[in-house]
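Reviewing the structure listed below.
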There are 2 protein chains.
Amino acid sequence: MSLEAPALADDQKMTYGMLLYPGFTLLDLAGPHNALALHGRTELIWKTLEPVPTDTGITINPTVTFADCPRKLDVLFVPGGFGTAEVMKDESVVEFLREVGQSAGFVSSVCTGSLLLAVAGLLDGYKATSHWAFYGALEEAGVEVVRSRVVSDRNRITGGGVTSGIDFGLTLLARLCGERAALTTQLCMEYDPKPPFSAGSPAQAGQEIAKDALAILAPVIDDARIVTRAYFARNTK
Amino acid sequence: MSLEAPALADDQKMTYGMLLYPGFTLLDLAGPHNALALHGRTELIWKTLEPVPTDTGITINPTVTFADCPRKLDVLFVPGGFGTAEVMKDESVVEFLREVGQSAGFVSSVCTGSLLLAVAGLLDGYKATSHWAFYGALEEAGVEVVRSRVVSDRNRITGGGVTSGIDFGLTLLARLCGERAALTTQLCMEYDPKPPFSAGSPAQAGQEIAKDALAILAPVIDDARIVTRAYFARNTK
């Protein structure tokens, strides 16, 4: 039994193109995917069809290669993850995003995915957000950062860190299919969050916990900033 | 770069055993997995190592078969999904859960995963929860249902529908590793939810939206109830 809407023939459904890459975070992709899945078909995109490892080692299988990916996506989506900084240095990935991003209906990301959109030039002149620890890295790419959980600017929609993908997904679904579809999906997903603790932002968590979190994230932040600074230097020459 | 704690050798880490099956919901698993991943190793368990399709068609790869799965798991976890009712009829799956569940440190689920735990006898005498639309099905298995987002009863921890997996995961992490680990993880995941709409429970969503949601879920509910009733009839003979 499948979650996909049986009433729509495949050629009437929207196509969501979601980028995979080594070291993406599974939850960054799963939140938006499950929010959108009832109303379209998801293509998982990578260079090859070999299994792609997430940043925790779990592997997931692409459905389409860069070469075979439809050039007219209704949504282009890029997840974040501990591997983002590394893939930002891969010119073939950046070039692919630049190309499909130009013709996509929506260009979107969650978490550090926005850094990858930025160095592909897809956020030039747009407001966007990222994981809270990566606001600086995104700013250094020349992007106007709005420190919000979901930021919509024309057809660019970006989400904050990891779990914001659910808020992001429902926001995007409402734009694509209307509010009633988004409400029904929210209820099916039982998205009535009740966090057992209050540590979802640095302000709530306090300095000690923020220090612990930054110790985990620091190497990726430093690495990402090297790439966004280099992009900015090239872009403003 | 990987999210897993580099300071711990593999043999000192906890082992989480997460069941895969055809038609599970990716987000049911991704929420708990990402909440727990920094502090242990996840084994994805299925009959074979062939890719397992989720209820949206995306496929993910098991890491271990039933035969090779460690018999002493720190956590046994079962996700829900549109395929739950079908897999509840599969005696080899139910038997596997019954066996590993007896020796697991924690026995846990999200969404309709609790129905599968129930028919494996792992919730007999325990309080538990499920997706809101499946409270009745879980009650019909003879389980004492608590209509909450996360329910802890000794070493059984169960979550409500889909997105509750994040609340569930942080709750379980605090039990396993202490509150500081849970707070740091919540901040790394930026779990500061801001749903764009208020439709996460039937009461908030209202009758019209609840009707739409139940139309999507009805076939699975009916199918699941047949299995839970049969279990109860056998169990009380």
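Numbering starts fresh at 1 for the residues of each chain in the structure tokens, the chains themselves are lettered A, B, ... in the order given, and ligands are numbered from 1 as they appear.
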
Near Gly80 in chain A, counting only C-alpha atoms, which residues have an atom at most 8 Å away, once you skip same-chain residues fewer than 4 positions from it, shown as a compact mmCIF listing (two decimals) with N, CA, C and O atoms, in the first residue's frame?
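Result went into part_38.txt, see below:
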# COMPACT_ATOMS: atom_id res chain seq x y z
N PHE A 24 24.87 13.73 3.42
CA PHE A 24 23.65 14.52 3.70
C PHE A 24 22.98 13.93 4.94
O PHE A 24 23.24 12.79 5.33
N THR A 25 22.09 14.72 5.56
CA THR A 25 21.39 14.27 6.76
C THR A 25 20.02 13.71 6.37
O THR A 25 19.22 14.40 5.74
N ASP A 28 16.86 15.76 7.10
CA ASP A 28 16.72 16.97 6.26
C ASP A 28 15.87 16.68 5.03
O ASP A 28 15.14 17.55 4.54
N THR A 84 28.06 18.62 3.59
CA THR A 84 27.79 19.74 2.67
C THR A 84 29.06 20.48 2.25
O THR A 84 29.26 20.77 1.06
N SER A 109 15.78 24.48 -0.10
CA SER A 109 16.77 23.77 0.70
C SER A 109 16.33 23.71 2.15
O SER A 109 15.43 24.45 2.57
N VAL A 110 16.99 22.84 2.91
CA VAL A 110 16.88 22.81 4.36
C VAL A 110 18.30 22.79 4.91
O VAL A 110 19.20 22.22 4.29
N CYS A 111 18.49 23.43 6.05
CA CYS A 111 19.76 23.37 6.78
C CYS A 111 20.89 23.91 5.90
O CYS A 111 20.72 24.89 5.19
N THR A 112 22.06 23.25 5.91
CA THR A 112 23.20 23.74 5.14
C THR A 112 23.03 23.58 3.63
O THR A 112 23.90 24.02 2.87
N GLY A 113 21.92 23.00 3.19
CA GLY A 113 21.64 22.95 1.76
C GLY A 113 21.66 24.32 1.10
O GLY A 113 22.01 24.46 -0.08
N SER A 114 21.31 25.36 1.86
CA SER A 114 21.30 26.71 1.28
C SER A 114 22.70 27.19 0.90
O SER A 114 22.86 28.00 0.00
N VAL A 162 17.92 21.12 10.14
CA VAL A 162 17.36 19.76 10.15
C VAL A 162 15.82 19.64 10.29
O VAL A 162 15.12 19.39 9.31

Among chain B, which residues carry a DSSP assignment of strand (DSSP E or B), reported as JSON, numbers by chain? {"B": [14, 15, 16, 17, 18, 19, 24, 40, 41, 42, 43, 44, 45, 46, 52, 53, 54, 59, 60, 64, 65, 75, 76, 77, 78, 106, 107, 108, 109, 127, 128, 144, 145, 150, 151, 152, 153, 156, 157, 158, 159]}

Is it possible to get the superposed chain A, fitted on chain B over all Cα pairs by sequence order, as a PDB file with C-alpha atoms, in the first residue's frame?
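Output contents, as saved in part.pdb:
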ATOM      1  CA  MET A   1      32.632  13.795   7.553  1.00  0.00           C
ATOM      2  CA  SER A   2      30.311  11.754   9.752  1.00  0.00           C
ATOM      3  CA  LEU A   3      27.906  12.664  12.516  1.00  0.00           C
ATOM      4  CA  GLU A   4      28.915   9.689  14.628  1.00  0.00           C
ATOM      5  CA  ALA A   5      30.923  10.367  17.752  1.00  0.00           C
ATOM      6  CA  PRO A   6      34.566   9.731  16.812  1.00  0.00           C
ATOM      7  CA  ALA A   7      35.646   9.417  20.455  1.00  0.00           C
ATOM      8  CA  LEU A   8      33.880   6.107  21.002  1.00  0.00           C
ATOM      9  CA  ALA A   9      35.254   2.861  19.648  1.00  0.00           C
ATOM     10  CA  ASP A  10      32.643   0.764  17.844  1.00  0.00           C
ATOM     11  CA  ASP A  11      32.462  -1.868  20.574  1.00  0.00           C
ATOM     12  CA  GLN A  12      31.664   0.757  23.233  1.00  0.00           C
ATOM     13  CA  LYS A  13      28.768   2.228  21.326  1.00  0.00           C
ATOM     14  CA  MET A  14      25.169   1.292  21.860  1.00  0.00           C
ATOM     15  CA  THR A  15      23.410  -0.634  19.116  1.00  0.00           C
ATOM     16  CA  TYR A  16      20.008   0.486  17.900  1.00  0.00           C
ATOM     17  CA  GLY A  17      18.121  -2.101  15.868  1.00  0.00           C
ATOM     18  CA  MET A  18      15.581  -0.441  13.572  1.00  0.00           C
ATOM     19  CA  LEU A  19      13.191  -2.622  11.614  1.00  0.00           C
ATOM     20  CA  LEU A  20      12.619  -1.909   7.934  1.00  0.00           C
ATOM     21  CA  TYR A  21       9.716  -3.381   5.963  1.00  0.00           C
ATOM     22  CA  PRO A  22       7.992  -2.671   2.638  1.00  0.00           C
ATOM     23  CA  GLY A  23       5.784   0.377   3.096  1.00  0.00           C
ATOM     24  CA  PHE A  24       7.322   1.893   6.230  1.00  0.00           C
ATOM     25  CA  THR A  25       7.334   5.705   6.400  1.00  0.00           C
ATOM     26  CA  LEU A  26      10.794   7.244   5.956  1.00  0.00           C
ATOM     27  CA  LEU A  27      10.177  10.103   8.397  1.00  0.00           C
ATOM     28  CA  ASP A  28       9.039   7.681  11.145  1.00  0.00           C
ATOM     29  CA  LEU A  29      12.559   6.270  11.093  1.00  0.00           C
ATOM     30  CA  ALA A  30      14.601   9.362  10.197  1.00  0.00           C
ATOM     31  CA  GLY A  31      13.420  11.401  13.211  1.00  0.00           C
ATOM     32  CA  PRO A  32      14.464   8.876  15.883  1.00  0.00           C
ATOM     33  CA  HIS A  33      17.567   7.826  13.932  1.00  0.00           C
ATOM     34  CA  ASN A  34      18.938  11.359  13.696  1.00  0.00           C
ATOM     35  CA  ALA A  35      18.072  12.054  17.348  1.00  0.00           C
ATOM     36  CA  LEU A  36      20.036   8.986  18.489  1.00  0.00           C
ATOM     37  CA  ALA A  37      22.803   8.692  15.880  1.00  0.00           C
ATOM     38  CA  LEU A  38      25.553  10.605  17.667  1.00  0.00           C
ATOM     39  CA  HIS A  39      25.550   8.125  20.539  1.00  0.00           C
ATOM     40  CA  GLY A  40      25.303   4.743  18.899  1.00  0.00           C
ATOM     41  CA  ARG A  41      25.328   2.607  15.799  1.00  0.00           C
ATOM     42  CA  THR A  42      22.103   1.937  13.875  1.00  0.00           C
ATOM     43  CA  GLU A  43      21.445  -1.454  12.341  1.00  0.00           C
ATOM     44  CA  LEU A  44      18.647  -1.430   9.758  1.00  0.00           C
ATOM     45  CA  ILE A  45      17.044  -4.851   9.915  1.00  0.00           C
ATOM     46  CA  TRP A  46      15.130  -6.820   7.315  1.00  0.00           C
ATOM     47  CA  LYS A  47      14.840 -10.399   6.058  1.00  0.00           C
ATOM     48  CA  THR A  48      17.398  -9.827   3.321  1.00  0.00           C
ATOM     49  CA  LEU A  49      19.899  -7.102   2.397  1.00  0.00           C
ATOM     50  CA  GLU A  50      17.918  -6.122  -0.708  1.00  0.00           C
ATOM     51  CA  PRO A  51      16.731  -2.474  -0.823  1.00  0.00           C
ATOM     52  CA  VAL A  52      13.448  -1.990   1.058  1.00  0.00           C
ATOM     53  CA  PRO A  53      10.816   0.332  -0.469  1.00  0.00           C
ATOM     54  CA  THR A  54       9.197   2.918   1.807  1.00  0.00           C
ATOM     55  CA  ASP A  55       5.506   3.781   1.412  1.00  0.00           C
ATOM     56  CA  THR A  56       6.432   6.507  -1.058  1.00  0.00           C
ATOM     57  CA  GLY A  57       8.627   4.294  -3.230  1.00  0.00           C
ATOM     58  CA  ILE A  58      12.019   5.595  -2.097  1.00  0.00           C
ATOM     59  CA  THR A  59      14.268   2.661  -1.171  1.00  0.00           C
ATOM     60  CA  ILE A  60      16.726   2.321   1.701  1.00  0.00           C
ATOM     61  CA  ASN A  61      19.252  -0.421   2.369  1.00  0.00           C
ATOM     62  CA  PRO A  62      19.238  -2.820   5.332  1.00  0.00           C
ATOM     63  CA  THR A  63      22.546  -3.356   7.138  1.00  0.00           C
ATOM     64  CA  VAL A  64      21.720  -6.703   8.711  1.00  0.00           C
ATOM     65  CA  THR A  65      19.315  -9.633   8.182  1.00  0.00           C
ATOM     66  CA  PHE A  66      17.028 -11.184  10.811  1.00  0.00           C
ATOM     67  CA  ALA A  67      19.480 -14.093  11.010  1.00  0.00           C
ATOM     68  CA  ASP A  68      22.535 -11.906  11.603  1.00  0.00           C
ATOM     69  CA  CYS A  69      20.939  -9.242  13.817  1.00  0.00           C
ATOM     70  CA  PRO A  70      22.598  -8.976  17.253  1.00  0.00           C
ATOM     71  CA  ARG A  71      20.336 -10.622  19.850  1.00  0.00           C
ATOM     72  CA  LYS A  72      21.198  -8.042  22.537  1.00  0.00           C
ATOM     73  CA  LEU A  73      20.051  -4.696  21.183  1.00  0.00           C
ATOM     74  CA  ASP A  74      20.180  -1.597  23.368  1.00  0.00           C
ATOM     75  CA  VAL A  75      17.099  -0.362  21.517  1.00  0.00           C
ATOM     76  CA  LEU A  76      14.621  -2.206  19.310  1.00  0.00           C
ATOM     77  CA  PHE A  77      12.663   0.297  17.213  1.00  0.00           C
ATOM     78  CA  VAL A  78       9.742  -0.218  14.824  1.00  0.00           C
ATOM     79  CA  PRO A  79       8.554   2.583  12.500  1.00  0.00           C
ATOM     80  CA  GLY A  80       4.997   2.855  11.190  1.00  0.00           C
ATOM     81  CA  GLY A  81       3.765   3.336   7.661  1.00  0.00           C
ATOM     82  CA  PHE A  82       1.153   2.515   5.060  1.00  0.00           C
ATOM     83  CA  GLY A  83       2.614  -1.019   4.904  1.00  0.00           C
ATOM     84  CA  THR A  84       2.235  -1.828   8.619  1.00  0.00           C
ATOM     85  CA  ALA A  85      -1.063  -3.716   8.349  1.00  0.00           C
ATOM     86  CA  GLU A  86       0.391  -5.977   5.674  1.00  0.00           C
ATOM     87  CA  VAL A  87       3.582  -6.828   7.582  1.00  0.00           C
ATOM     88  CA  MET A  88       1.565  -7.532  10.758  1.00  0.00           C
ATOM     89  CA  LYS A  89       0.263 -10.621   8.948  1.00  0.00           C
ATOM     90  CA  ASP A  90       3.800 -11.909   8.311  1.00  0.00           C
ATOM     91  CA  GLU A  91       4.493 -14.457  11.041  1.00  0.00           C
ATOM     92  CA  SER A  92       8.283 -14.473  10.386  1.00  0.00           C
ATOM     93  CA  VAL A  93       8.455 -10.731  11.143  1.00  0.00           C
ATOM     94  CA  VAL A  94       6.258 -11.007  14.240  1.00  0.00           C
ATOM     95  CA  GLU A  95       8.307 -13.959  15.499  1.00  0.00           C
ATOM     96  CA  PHE A  96      11.592 -12.081  14.965  1.00  0.00           C
ATOM     97  CA  LEU A  97      10.303  -9.084  16.938  1.00  0.00           C
ATOM     98  CA  ARG A  98       9.048 -11.321  19.742  1.00  0.00           C
ATOM     99  CA  GLU A  99      12.493 -12.896  20.038  1.00  0.00           C
ATOM    100  CA  VAL A 100      14.721  -9.790  19.938  1.00  0.00           C
ATOM    101  CA  GLY A 101      12.188  -7.745  21.921  1.00  0.00           C
ATOM    102  CA  GLN A 102      12.546 -10.008  24.937  1.00  0.00           C
ATOM    103  CA  SER A 103      16.233  -9.167  25.364  1.00  0.00           C
ATOM    104  CA  ALA A 104      16.332  -5.544  24.107  1.00  0.00           C
ATOM    105  CA  GLY A 105      17.160  -2.742  26.528  1.00  0.00           C
ATOM    106  CA  PHE A 106      14.296  -0.633  25.185  1.00  0.00           C
ATOM    107  CA  VAL A 107      11.385  -1.749  22.998  1.00  0.00           C
ATOM    108  CA  SER A 108      10.043   1.184  21.049  1.00  0.00           C
ATOM    109  CA  SER A 109       8.016   2.434  18.108  1.00  0.00           C
ATOM    110  CA  VAL A 110       6.597   5.453  16.324  1.00  0.00           C
ATOM    111  CA  CYS A 111       3.188   5.730  14.665  1.00  0.00           C
ATOM    112  CA  THR A 112       1.618   2.395  13.614  1.00  0.00           C
ATOM    113  CA  GLY A 113       4.819   0.606  14.653  1.00  0.00           C
ATOM    114  CA  SER A 114       3.143   0.033  18.022  1.00  0.00           C
ATOM    115  CA  LEU A 115       0.558  -2.214  16.326  1.00  0.00           C
ATOM    116  CA  LEU A 116       3.361  -4.459  15.171  1.00  0.00           C
ATOM    117  CA  LEU A 117       4.857  -4.523  18.694  1.00  0.00           C
ATOM    118  CA  ALA A 118       1.372  -5.331  20.027  1.00  0.00           C
ATOM    119  CA  VAL A 119       0.783  -8.382  17.832  1.00  0.00           C
ATOM    120  CA  ALA A 120       4.281  -9.601  18.775  1.00  0.00           C
ATOM    121  CA  GLY A 121       3.029  -9.585  22.391  1.00  0.00           C
ATOM    122  CA  LEU A 122       5.557  -6.917  23.363  1.00  0.00           C
ATOM    123  CA  LEU A 123       2.959  -4.458  24.706  1.00  0.00           C
ATOM    124  CA  ASP A 124       0.923  -6.925  26.802  1.00  0.00           C
ATOM    125  CA  GLY A 125       0.546  -5.255  30.202  1.00  0.00           C
ATOM    126  CA  TYR A 126       2.131  -1.984  29.036  1.00  0.00           C
ATOM    127  CA  LYS A 127       0.736   1.459  28.331  1.00  0.00           C
ATOM    128  CA  ALA A 128       1.412   2.688  24.799  1.00  0.00           C
ATOM    129  CA  THR A 129       0.383   5.102  22.057  1.00  0.00           C
ATOM    130  CA  SER A 130       0.070   5.190  18.265  1.00  0.00           C
ATOM    131  CA  HIS A 131      -0.961   7.489  15.417  1.00  0.00           C
ATOM    132  CA  TRP A 132      -4.235   9.209  16.476  1.00  0.00           C
ATOM    133  CA  ALA A 133      -6.217   7.395  13.786  1.00  0.00           C
ATOM    134  CA  PHE A 134      -5.023   4.016  15.089  1.00  0.00           C
ATOM    135  CA  TYR A 135      -5.847   4.335  18.813  1.00  0.00           C
ATOM    136  CA  GLY A 136      -8.833   2.022  18.270  1.00  0.00           C
ATOM    137  CA  ALA A 137      -6.781  -0.603  16.448  1.00  0.00           C
ATOM    138  CA  LEU A 138      -4.210  -0.618  19.260  1.00  0.00           C
ATOM    139  CA  GLU A 139      -6.934  -0.898  21.904  1.00  0.00           C
ATOM    140  CA  GLU A 140      -8.410  -3.843  20.056  1.00  0.00           C
ATOM    141  CA  ALA A 141      -5.112  -5.665  20.529  1.00  0.00           C
ATOM    142  CA  GLY A 142      -5.743  -5.380  24.290  1.00  0.00           C
ATOM    143  CA  VAL A 143      -3.160  -2.630  24.877  1.00  0.00           C
ATOM    144  CA  GLU A 144      -3.863   0.148  27.393  1.00  0.00           C
ATOM    145  CA  VAL A 145      -3.731   3.172  25.082  1.00  0.00           C
ATOM    146  CA  VAL A 146      -2.637   6.552  26.428  1.00  0.00           C
ATOM    147  CA  ARG A 147      -3.584   9.277  23.945  1.00  0.00           C
ATOM    148  CA  SER A 148      -0.289  11.175  24.228  1.00  0.00           C
ATOM    149  CA  ARG A 149       2.510  12.097  21.849  1.00  0.00           C
ATOM    150  CA  VAL A 150       5.115   9.999  23.694  1.00  0.00           C
ATOM    151  CA  VAL A 151       4.299   7.288  26.240  1.00  0.00           C
ATOM    152  CA  SER A 152       6.953   5.728  28.481  1.00  0.00           C
ATOM    153  CA  ASP A 153       6.133   2.655  30.574  1.00  0.00           C
ATOM    154  CA  ARG A 154       9.241   1.049  32.083  1.00  0.00           C
ATOM    155  CA  ASN A 155      11.376   0.066  29.057  1.00  0.00           C
ATOM    156  CA  ARG A 156       8.600   0.503  26.512  1.00  0.00           C
ATOM    157  CA  ILE A 157       8.581   3.906  24.798  1.00  0.00           C
ATOM    158  CA  THR A 158       6.092   4.578  22.015  1.00  0.00           C
ATOM    159  CA  GLY A 159       5.426   7.673  19.945  1.00  0.00           C
ATOM    160  CA  GLY A 160       2.325   8.991  18.155  1.00  0.00           C
ATOM    161  CA  GLY A 161       2.060   9.678  14.417  1.00  0.00           C
ATOM    162  CA  VAL A 162       5.037  10.207  12.083  1.00  0.00           C
ATOM    163  CA  THR A 163       6.530  13.535  13.272  1.00  0.00           C
ATOM    164  CA  SER A 164       6.287  12.509  16.943  1.00  0.00           C
ATOM    165  CA  GLY A 165       9.434  10.491  16.234  1.00  0.00           C
ATOM    166  CA  ILE A 166      11.498  13.594  16.995  1.00  0.00           C
ATOM    167  CA  ASP A 167       9.898  14.096  20.429  1.00  0.00           C
ATOM    168  CA  PHE A 168      10.180  10.340  20.960  1.00  0.00           C
ATOM    169  CA  GLY A 169      13.845  10.263  19.923  1.00  0.00           C
ATOM    170  CA  LEU A 170      14.875  13.055  22.278  1.00  0.00           C
ATOM    171  CA  THR A 171      12.909  11.444  25.142  1.00  0.00           C
ATOM    172  CA  LEU A 172      14.667   8.124  24.545  1.00  0.00           C
ATOM    173  CA  LEU A 173      18.075   9.792  24.175  1.00  0.00           C
ATOM    174  CA  ALA A 174      17.660  11.436  27.581  1.00  0.00           C
ATOM    175  CA  ARG A 175      16.914   8.011  29.103  1.00  0.00           C
ATOM    176  CA  LEU A 176      19.960   6.468  27.406  1.00  0.00           C
ATOM    177  CA  CYS A 177      22.553   9.242  27.700  1.00  0.00           C
ATOM    178  CA  GLY A 178      21.184  11.874  30.081  1.00  0.00           C
ATOM    179  CA  GLU A 179      19.494  15.220  29.616  1.00  0.00           C
ATOM    180  CA  ARG A 180      22.583  17.156  28.529  1.00  0.00           C
ATOM    181  CA  ALA A 181      23.042  14.904  25.506  1.00  0.00           C
ATOM    182  CA  ALA A 182      19.365  15.402  24.609  1.00  0.00           C
ATOM    183  CA  LEU A 183      19.592  19.194  24.921  1.00  0.00           C
ATOM    184  CA  THR A 184      22.719  19.341  22.754  1.00  0.00           C
ATOM    185  CA  THR A 185      21.098  17.140  20.121  1.00  0.00           C
ATOM    186  CA  GLN A 186      17.929  19.255  20.140  1.00  0.00           C
ATOM    187  CA  LEU A 187      20.045  22.334  19.454  1.00  0.00           C
ATOM    188  CA  CYS A 188      22.085  20.611  16.717  1.00  0.00           C
ATOM    189  CA  MET A 189      18.773  19.556  15.092  1.00  0.00           C
ATOM    190  CA  GLU A 190      17.383  23.067  15.636  1.00  0.00           C
ATOM    191  CA  TYR A 191      14.203  21.529  17.015  1.00  0.00           C
ATOM    192  CA  ASP A 192      12.333  24.739  17.714  1.00  0.00           C
ATOM    193  CA  PRO A 193       9.143  23.859  15.821  1.00  0.00           C
ATOM    194  CA  LYS A 194       6.965  26.559  14.311  1.00  0.00           C
ATOM    195  CA  PRO A 195       4.207  24.787  12.334  1.00  0.00           C
ATOM    196  CA  PRO A 196       2.906  27.149   9.647  1.00  0.00           C
ATOM    197  CA  PHE A 197      -0.667  25.888  10.288  1.00  0.00           C
ATOM    198  CA  SER A 198      -2.615  24.522  13.272  1.00  0.00           C
ATOM    199  CA  ALA A 199      -3.880  21.154  12.111  1.00  0.00           C
ATOM    200  CA  GLY A 200      -1.674  18.657  13.937  1.00  0.00           C
ATOM    201  CA  SER A 201      -4.493  16.976  15.867  1.00  0.00           C
ATOM    202  CA  PRO A 202      -8.121  16.230  14.902  1.00  0.00           C
ATOM    203  CA  ALA A 203      -9.321  18.797  17.477  1.00  0.00           C
ATOM    204  CA  GLN A 204      -7.164  21.552  15.940  1.00  0.00           C
ATOM    205  CA  ALA A 205      -7.821  20.547  12.345  1.00  0.00           C
ATOM    206  CA  GLY A 206     -11.606  20.364  12.579  1.00  0.00           C
ATOM    207  CA  GLN A 207     -14.083  17.888  11.107  1.00  0.00           C
ATOM    208  CA  GLU A 208     -13.626  18.658   7.408  1.00  0.00           C
ATOM    209  CA  ILE A 209      -9.853  18.178   7.435  1.00  0.00           C
ATOM    210  CA  ALA A 210     -10.157  15.124   9.712  1.00  0.00           C
ATOM    211  CA  LYS A 211     -12.528  13.594   7.153  1.00  0.00           C
ATOM    212  CA  ASP A 212      -9.964  14.194   4.368  1.00  0.00           C
ATOM    213  CA  ALA A 213      -7.216  12.620   6.465  1.00  0.00           C
ATOM    214  CA  LEU A 214      -9.324   9.592   7.399  1.00  0.00           C
ATOM    215  CA  ALA A 215     -10.199   9.030   3.739  1.00  0.00           C
ATOM    216  CA  ILE A 216      -6.463   8.650   3.055  1.00  0.00           C
ATOM    217  CA  LEU A 217      -5.848   6.404   6.067  1.00  0.00           C
ATOM    218  CA  ALA A 218      -9.078   4.335   6.156  1.00  0.00           C
ATOM    219  CA  PRO A 219      -7.918   1.273   4.185  1.00  0.00           C
ATOM    220  CA  VAL A 220      -4.896   0.803   6.458  1.00  0.00           C
ATOM    221  CA  ILE A 221      -6.969   1.322   9.613  1.00  0.00           C
ATOM    222  CA  ASP A 222      -9.516  -1.302   8.567  1.00  0.00           C
ATOM    223  CA  ASP A 223      -6.819  -3.778   7.601  1.00  0.00           C
ATOM    224  CA  ALA A 224      -4.872  -3.242  10.846  1.00  0.00           C
ATOM    225  CA  ARG A 225      -7.998  -3.777  12.975  1.00  0.00           C
ATOM    226  CA  ILE A 226      -8.586  -7.188  11.413  1.00  0.00           C
ATOM    227  CA  VAL A 227      -5.114  -8.248  12.578  1.00  0.00           C
ATOM    228  CA  THR A 228      -5.267  -6.707  16.074  1.00  0.00           C
ATOM    229  CA  ARG A 229      -8.719  -8.256  16.706  1.00  0.00           C
ATOM    230  CA  ALA A 230      -7.461 -11.670  15.635  1.00  0.00           C
ATOM    231  CA  TYR A 231      -4.449 -11.277  17.925  1.00  0.00           C
ATOM    232  CA  PHE A 232      -6.699 -10.355  20.860  1.00  0.00           C
ATOM    233  CA  ALA A 233      -9.009 -13.318  20.206  1.00  0.00           C
ATOM    234  CA  ARG A 234      -6.032 -15.732  20.185  1.00  0.00           C
ATOM    235  CA  ASN A 235      -4.376 -14.073  23.169  1.00  0.00           C
ATOM    236  CA  THR A 236      -7.433 -14.250  25.445  1.00  0.00           C
ATOM    237  CA  LYS A 237      -8.535 -17.775  24.557  1.00  0.00           C
TER     238      LYS A 237
END

Sel. of alpha helix (DSSP H) residues, range 124-161 of chain A, as a ChimeraX atom specification: /A:135-139
